[in-house]
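See below for the structure under consideration.
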Amino acid sequence: MSILKKIMTAVRGGAREMGELVVDANAVRIFEQEIREAQTHLRKAKYDLTDVMAKAMQASRQIQSLHHEIDEHEGFVVRAIEQGDEALALSIAEKISRLETDLEEQREVQVTFSGQVERLRSLVSKTERQIREFERQLSMLKTTESVQKASNAIADNFAASSSKMHSARDSLARIKQRQQEKFDQMSAAETVQSETMDESLTDKLRSAGMIQDKTSAKQVLARIKAGQG
Amino acid sequence: MNTQDLALRLTDLSGYAGYQFDCQPIPGETGVLQITVGDYEEIPAFLSVTDSQIICMTHLFNDHEVITAKRTMMLEEMLELNIPMPLSAFSKIGNRYVVFGSLSVNSSIEDICHELITLTENAAEALTVLEEYIR
């Protein structure tokens, strides 16, 4: 079963109660042991592989040298026939026949070793894949274990401070109040800014003589004079 | 890195991105820090350090605070919000809904500050968005 599925099953089974861990220490130890065993297998398979590869190479060299020897002796037979020495030719031919038997044997040995090399190679890569998979699962187990410890510690703390803890409604009210305050501050700042801009515009208009203060001393005096007249 | 070191470093910082941090170490077998970001006192972030990760979490609400008839809709919405919500994700521990974020233990103090601020802002926003599902 995959680790995620085990975790899910444990959560559904209610093992996620506070303080109870989904991943027990045994599971981690078993995984670590399995990884160590797989690594031992891998080391042995790699050793066997080099051994068999060496033997296969040895057989190949033997085959080459037998071919060479057979070619050489076939030359001797031709020369013996040319010299009319039938008896010598026959004994050389017998030697060739023995060499060919040896060659056949060596070929069989080489085929067997090559087969073993293939088998061991696939075993090595299979074991390597298995180790990687174990390590991935172990890291998932360990992460789950430590994350769960941490989340439980945090959750225990939620529980311990639940008297101080606000309900979602309280929290929301506070958050909204704070947002409103920020909004009010921003609109106040905007108002101040636009008022300042208004004032500066009025100043400019005044200095350009486009608007006049109704309450300037000159105007007051003019109004009073007009009233007297 | 452990929670005590982190508490010291966060306290030493006069602030980050305009936010002040208030750190309270909570002793126990697994060290936990309670961190208030700025004036978000009602939604403190809780931080814990494991072998490979720093986990930050903020509590949203309990199961019993959810309107039962709308629960499935809420869960679906949470799943859909998981990707758009920057750096944080929804989760559930026991009967508590939380938002959480995790960082590598090799993260810089700036990354951790950024995470804490984002988490807190996300939690505030998530509460606002999920308001209609809450009693």
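Here, A, B, ... name the chains of the structure tokens in the order displayed, residue numbers run from 1 inside each chain, and ligands are numbered from 1 in the same displayed order.
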Dump as a Markdown table the rows for residues of region 126-207 of chain A within 12 Å of region 107-131 of chain B: closest atom pair and distance in Å with one decimal, only C-alpha atoms counted, ordered by chain and rising residue number.
```
| residue | atom | partner | partner_atom | distance |
| --- | --- | --- | --- | --- |
| A:Ser167 | CA | B:Leu127 | CA | 10.9 |
| A:Ala168 | CA | B:Leu127 | CA | 7.3 |
| A:Arg169 | CA | B:Glu131 | CA | 8.1 |
| A:Asp170 | CA | B:Leu127 | CA | 10.7 |
| A:Ser171 | CA | B:Leu127 | CA | 8.1 |
| A:Leu172 | CA | B:Leu127 | CA | 6.4 |
| A:Ala173 | CA | B:Thr128 | CA | 9.5 |
| A:Arg174 | CA | B:Ala124 | CA | 9.8 |
| A:Ile175 | CA | B:Ala124 | CA | 6.6 |
| A:Lys176 | CA | B:Thr128 | CA | 8.1 |
| A:Gln177 | CA | B:Thr128 | CA | 11.8 |
| A:Arg178 | CA | B:Ala124 | CA | 10.6 |
| A:Gln179 | CA | B:Ala124 | CA | 10.2 |
```
**OP:** Please return as number ranges by chain: the residues of chain B that backbone DSSP assigns to alpha helix (DSSP H).
**Re:** B: 3-12, 71-82, 109-129
Original post:
For chain B, which residues have at least one atom within 6 Å of chain A, if we go by only C-alpha atoms? Write them as a list in words, please.
Top reply: Glu42, Ser48, Thr50 and Phe61 of chain B
Saved selection, atoms kept: all heavy atoms, as a PDB file, in the first residue's frame:
```pdb
ATOM      1  N   GLU B  42      -6.116  38.970  16.839  1.00  0.00           N
ATOM      2  CA  GLU B  42      -7.128  37.904  16.882  1.00  0.00           C
ATOM      3  C   GLU B  42      -6.736  36.696  16.046  1.00  0.00           C
ATOM      4  O   GLU B  42      -7.296  35.620  16.220  1.00  0.00           O
ATOM      5  CB  GLU B  42      -8.495  38.444  16.440  1.00  0.00           C
ATOM      6  CG  GLU B  42      -8.584  38.914  15.006  1.00  0.00           C
ATOM      7  CD  GLU B  42      -7.930  40.269  14.768  1.00  0.00           C
ATOM      8  OE1 GLU B  42      -7.490  40.891  15.738  1.00  0.00           O
ATOM      9  OE2 GLU B  42      -7.841  40.671  13.595  1.00  0.00           O
ATOM     10  N   SER B  48       6.378  26.316  13.895  1.00  0.00           N
ATOM     11  CA  SER B  48       7.156  25.216  14.466  1.00  0.00           C
ATOM     12  C   SER B  48       8.190  24.755  13.438  1.00  0.00           C
ATOM     13  O   SER B  48       7.995  24.910  12.243  1.00  0.00           O
ATOM     14  CB  SER B  48       6.223  24.077  14.862  1.00  0.00           C
ATOM     15  OG  SER B  48       6.962  23.108  15.542  1.00  0.00           O
ATOM     16  N   THR B  50      10.590  21.660  11.923  1.00  0.00           N
ATOM     17  CA  THR B  50      10.860  20.214  11.866  1.00  0.00           C
ATOM     18  C   THR B  50      12.254  20.017  11.252  1.00  0.00           C
ATOM     19  O   THR B  50      12.963  20.993  11.031  1.00  0.00           O
ATOM     20  CB  THR B  50       9.818  19.476  10.999  1.00  0.00           C
ATOM     21  OG1 THR B  50      10.109  19.738   9.620  1.00  0.00           O
ATOM     22  CG2 THR B  50       8.408  19.937  11.290  1.00  0.00           C
ATOM     23  N   PHE B  61     -11.287  28.715  12.148  1.00  0.00           N
ATOM     24  CA  PHE B  61     -12.479  28.468  12.955  1.00  0.00           C
ATOM     25  C   PHE B  61     -12.624  26.977  13.234  1.00  0.00           C
ATOM     26  O   PHE B  61     -11.908  26.169  12.643  1.00  0.00           O
ATOM     27  CB  PHE B  61     -13.755  29.013  12.285  1.00  0.00           C
ATOM     28  CG  PHE B  61     -13.793  28.813  10.793  1.00  0.00           C
ATOM     29  CD1 PHE B  61     -14.127  27.578  10.252  1.00  0.00           C
ATOM     30  CD2 PHE B  61     -13.485  29.854   9.928  1.00  0.00           C
ATOM     31  CE1 PHE B  61     -14.169  27.393   8.881  1.00  0.00           C
ATOM     32  CE2 PHE B  61     -13.525  29.671   8.541  1.00  0.00           C
ATOM     33  CZ  PHE B  61     -13.869  28.432   8.024  1.00  0.00           C
TER      34      PHE B  61
END
```
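The gap separating CA of Ile93 (chain B) from CA of Thr144 (chain A) is 13.3 Å, in Å to one decimal.
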**OP:** Please report, as a ChimeraX atom specification, each residue of region 91-135 of chain B to which DSSP assigns strand (DSSP E) when run on this structure's backbone.
**Re:** /B:91-93,96-104
The selected residues should be written to file as an mmCIF file, in the first residue's frame (atoms: C-alpha atoms).
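Done, and the output landed in selection08.cif:
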```
data_model
loop_
_atom_site.group_PDB
_atom_site.id
_atom_site.type_symbol
_atom_site.label_atom_id
_atom_site.label_comp_id
_atom_site.auth_asym_id
_atom_site.auth_seq_id
_atom_site.Cartn_x
_atom_site.Cartn_y
_atom_site.Cartn_z
ATOM 1 C CA SER B 91 -6.009 22.503 5.925
ATOM 2 C CA LYS B 92 -7.787 20.857 8.805
ATOM 3 C CA ILE B 93 -6.337 19.509 12.032
ATOM 4 C CA ARG B 96 -10.008 23.051 13.366
ATOM 5 C CA TYR B 97 -9.743 24.713 9.985
ATOM 6 C CA VAL B 98 -6.411 26.431 9.422
ATOM 7 C CA VAL B 99 -4.369 28.177 6.776
ATOM 8 C CA PHE B 100 -0.734 27.182 6.677
ATOM 9 C CA GLY B 101 2.453 27.702 4.793
ATOM 10 C CA SER B 102 5.714 25.809 4.937
ATOM 11 C CA LEU B 103 9.249 26.886 4.147
ATOM 12 C CA SER B 104 12.613 25.184 3.916
#
```
**OP:** Please identify all polymer residues within 10 Å of Val32 (chain B), counting only C-alpha atoms, omitting same-chain residues fewer than 4 positions from it, and present them as an MDAnalysis selection string.
**Re:** (chainID A and resid 150:151 153:154 157) or (chainID B and resid 2:4 7 24:28 46:49 55:56)
**OP:** Measuring atom to atom with only C-alpha atoms, identify which of A:Asp184, A:Glu34, A:Asp71, A:Glu82 is nearest to Lys95 (chain A).
**Re:** A:Asp71
